Amino acid sequence: MKIVLFTLAVIIALPLIAAIFIKKDYSIKREIIINKPTGEVFNYVKLLKNQEYYSKWVMLDPNLKKQYKGTDGEVGFVYSWEGNDKAGKGEQEIKNIEEGKEVNIEIRFEKPFKGIAYAPITTEAVNDKQTRVTWGMSGKSNYPMNFVNLFNDKMLGGDIEQSLALLKKNLEQRN
């Protein structure tokens with residue numbers, strides 16, 4: 001019994017001790033080339049409601065409760081959600097738009113944890129018919145949640161990659 005308790009204590013203590021030495025800030029970026037002109041791609045991604053068709057996170061709960069304030073695609077637009085344990089609860093707000101180039105989004109999480117992240121989406125012309133879309137996410141994780149930062153690049157980065165692949169598929173299939 002002592003061995004089991006000791007092993008359990010070590011399993012719990014190691015991540016807590018490691019988290020002391022892990023940075024609290026995280027930053028992730030992924031990009032994809034979409035075979036559509038930049039204007040068309042930008043005008044699609046600046047509308048937060050369109051995330052329903054490509055964001056893995058929005059798709060976690062098909063019964064997601066959503067509320068909107070303001071005009072989508074404009075600074076100040078707020079998209080609030082409340083869903084199952086996977087989707088959680090929070091809101092995202094368009095904080096800044098550089099027309100044709102970048103949408104800066106602030107995400108405020110309430111559940112399953114409180115936090116703020118910044119998720120800029122940028123578009124850049126590769127040529128007349130191709131656009132590079134870069135989607136980032138950055139924020140700060142307080143101790144001991146910063147332990148998860150060790151896995152953010154793979155976990156969050158993987159989610160962004162899946163979302164970008166779906167965005168590409170959806171846009172390239174449009175006429």
# chains A, B, ... in the order shown; residues from 1 in each chain; ligands from 1
call {"tool": "closest_atom_pairs", "arguments": {"of": "range 35-123 of chain A", "to": "range 164-174 of chain A", "cutoff": "9 Å", "atoms": "only C-alpha atoms", "output": "tab-separated table"}}
result
residue	atom	partner	partner_atom	distance
A:Asn35	CA	A:Glu172	CA	6.2
A:Lys36	CA	A:Glu172	CA	6.6
A:Glu40	CA	A:Leu171	CA	8.7
A:Val41	CA	A:Leu171	CA	7.4
A:Tyr44	CA	A:Leu171	CA	8.5
A:Val45	CA	A:Leu167	CA	8.8
A:Gln51	CA	A:Leu167	CA	8.6
A:Tyr53	CA	A:Leu167	CA	7.5
A:Tyr54	CA	A:Leu167	CA	5.1
A:Ser55	CA	A:Leu166	CA	7.8
A:Lys56	CA	A:Leu166	CA	8.7
call {"tool": "residues_around", "arguments": {"residues": "range 118-129 of chain A", "least_positions_apart": "6", "cutoff": "7 Å", "atoms": "only C-alpha atoms", "output": "PyMOL selection string"}}
result
chain A and resi 35-38+42+101-107+135-139
call {"tool": "closest_residue", "arguments": {"among": "A:Ile160, A:Ile33, A:Leu14, A:Ile97", "to": "Pro144 in chain A", "atoms": "only C-alpha atoms"}}
result
A:Leu14
call {"tool": "residues_around", "arguments": {"residues": "Val78 in chain A", "least_positions_apart": "4", "cutoff": "9 Å", "atoms": "only C-alpha atoms", "output": "VMD selection string"}}
result
chain A and resid 48 67 to 72 91 to 94
call {"tool": "select_by_dssp", "arguments": {"residues": "range 4-64 of chain A", "states": "strand (DSSP E or B)", "output": "ChimeraX atom specification"}}
result
/A:25-34
call {"tool": "residues_around", "arguments": {"residues": "Leu60 in chain A", "least_positions_apart": "2", "cutoff": "9 Å", "atoms": "only C-alpha atoms", "output": "VMD selection string"}}
result
chain A and resid 55 to 58 62 64 83 to 84 86 to 87
call {"tool": "write_last_selection", "arguments": {"atoms": "N, CA and C atoms", "output": "PDB file, in the first residue's frame"}}
result
ATOM      1  N   SER A  55     -14.127  25.786 -38.012  1.00  0.00           N
ATOM      2  CA  SER A  55     -13.403  25.741 -36.743  1.00  0.00           C
ATOM      3  C   SER A  55     -13.713  24.455 -35.987  1.00  0.00           C
ATOM      4  N   LYS A  56     -12.675  23.677 -35.738  1.00  0.00           N
ATOM      5  CA  LYS A  56     -12.847  22.434 -34.989  1.00  0.00           C
ATOM      6  C   LYS A  56     -13.481  22.709 -33.634  1.00  0.00           C
ATOM      7  N   TRP A  57     -13.110  23.805 -33.011  1.00  0.00           N
ATOM      8  CA  TRP A  57     -13.596  24.119 -31.672  1.00  0.00           C
ATOM      9  C   TRP A  57     -15.093  24.404 -31.673  1.00  0.00           C
ATOM     10  N   VAL A  58     -15.570  25.142 -32.663  1.00  0.00           N
ATOM     11  CA  VAL A  58     -16.999  25.457 -32.737  1.00  0.00           C
ATOM     12  C   VAL A  58     -17.800  24.181 -33.014  1.00  0.00           C
ATOM     13  N   PRO A  62     -22.597  20.078 -31.468  1.00  0.00           N
ATOM     14  CA  PRO A  62     -23.593  20.454 -32.468  1.00  0.00           C
ATOM     15  C   PRO A  62     -24.771  21.239 -31.885  1.00  0.00           C
ATOM     16  N   LEU A  64     -24.417  23.705 -29.653  1.00  0.00           N
ATOM     17  CA  LEU A  64     -23.817  24.898 -29.076  1.00  0.00           C
ATOM     18  C   LEU A  64     -24.833  26.048 -29.056  1.00  0.00           C
ATOM     19  N   GLY A  83     -21.535  25.539 -24.413  1.00  0.00           N
ATOM     20  CA  GLY A  83     -21.757  24.201 -24.929  1.00  0.00           C
ATOM     21  C   GLY A  83     -21.446  23.115 -23.927  1.00  0.00           C
ATOM     22  N   ASN A  84     -21.238  21.937 -24.458  1.00  0.00           N
ATOM     23  CA  ASN A  84     -20.936  20.779 -23.625  1.00  0.00           C
ATOM     24  C   ASN A  84     -19.555  20.930 -22.978  1.00  0.00           C
ATOM     25  N   LYS A  86     -16.740  19.687 -23.710  1.00  0.00           N
ATOM     26  CA  LYS A  86     -15.652  19.875 -24.682  1.00  0.00           C
ATOM     27  C   LYS A  86     -15.620  21.304 -25.215  1.00  0.00           C
ATOM     28  N   ALA A  87     -16.779  21.853 -25.520  1.00  0.00           N
ATOM     29  CA  ALA A  87     -16.852  23.200 -26.100  1.00  0.00           C
ATOM     30  C   ALA A  87     -16.696  24.294 -25.060  1.00  0.00           C
TER      31      ALA A  87
END
call {"tool": "select_by_dssp", "arguments": {"residues": "range 1-164 of chain A", "states": "alpha helix (DSSP H)", "output": "MDAnalysis selection string"}}
result
chainID A and resid 2:19 38:45 149:164
call {"tool": "residues_around", "arguments": {"residues": "Glu82 in chain A", "least_positions_apart": "3", "cutoff": "8 Å", "atoms": "only C-alpha atoms", "output": "MDAnalysis selection string"}}
result
chainID A and resid 64:66 87:90
call {"tool": "atom_distance", "arguments": {"atom1": "CA of Gln130 in chain A", "atom2": "CA of Lys95 in chain A"}}
result
26.4 Å
call {"tool": "residues_around", "arguments": {"residues": "Asn149 in chain A", "least_positions_apart": "3", "cutoff": "12 Å", "atoms": "only C-alpha atoms", "output": "NGL selection string"}}
result
:A and (15 or 18-19 or 21-28 or 138-146 or 152-157)
call {"tool": "write_last_selection", "arguments": {"atoms": "C-alpha atoms", "output": "JSON list (two decimals), in the first residue's frame"}}
result
[["chain", "number", "residue", "atom", "x", "y", "z"],
["A", 15, "PRO", "CA", 3.90, 17.85, -13.06],
["A", 18, "ALA", "CA", 7.85, 20.77, -13.52],
["A", 19, "ALA", "CA", 5.27, 23.55, -13.96],
["A", 21, "PHE", "CA", 10.03, 25.81, -14.57],
["A", 22, "ILE", "CA", 7.74, 25.92, -17.61],
["A", 23, "LYS", "CA", 7.07, 29.30, -19.22],
["A", 24, "LYS", "CA", 3.60, 30.67, -18.78],
["A", 25, "ASP", "CA", 3.30, 32.28, -22.23],
["A", 26, "TYR", "CA", 2.44, 30.26, -25.32],
["A", 27, "SER", "CA", 2.28, 31.11, -28.99],
["A", 28, "ILE", "CA", 1.27, 28.89, -31.88],
["A", 138, "SER", "CA", -1.20, 33.17, -28.00],
["A", 139, "GLY", "CA", -1.88, 33.68, -24.36],
["A", 140, "LYS", "CA", -0.74, 33.04, -20.84],
["A", 141, "SER", "CA", -1.40, 30.02, -18.64],
["A", 142, "ASN", "CA", -1.11, 30.50, -14.90],
["A", 143, "TYR", "CA", 0.55, 27.93, -12.64],
["A", 144, "PRO", "CA", -0.11, 24.97, -12.55],
["A", 145, "MET", "CA", -2.07, 25.04, -15.86],
["A", 146, "ASN", "CA", 1.12, 26.20, -17.60],
["A", 152, "ASN", "CA", -0.02, 23.20, -26.75],
["A", 153, "ASP", "CA", 1.95, 23.22, -29.97],
["A", 154, "LYS", "CA", 0.79, 19.72, -30.79],
["A", 155, "MET", "CA", -2.74, 19.94, -29.35],
["A", 156, "LEU", "CA", -3.79, 23.48, -30.28],
["A", 157, "GLY", "CA", -1.58, 23.48, -33.35]]
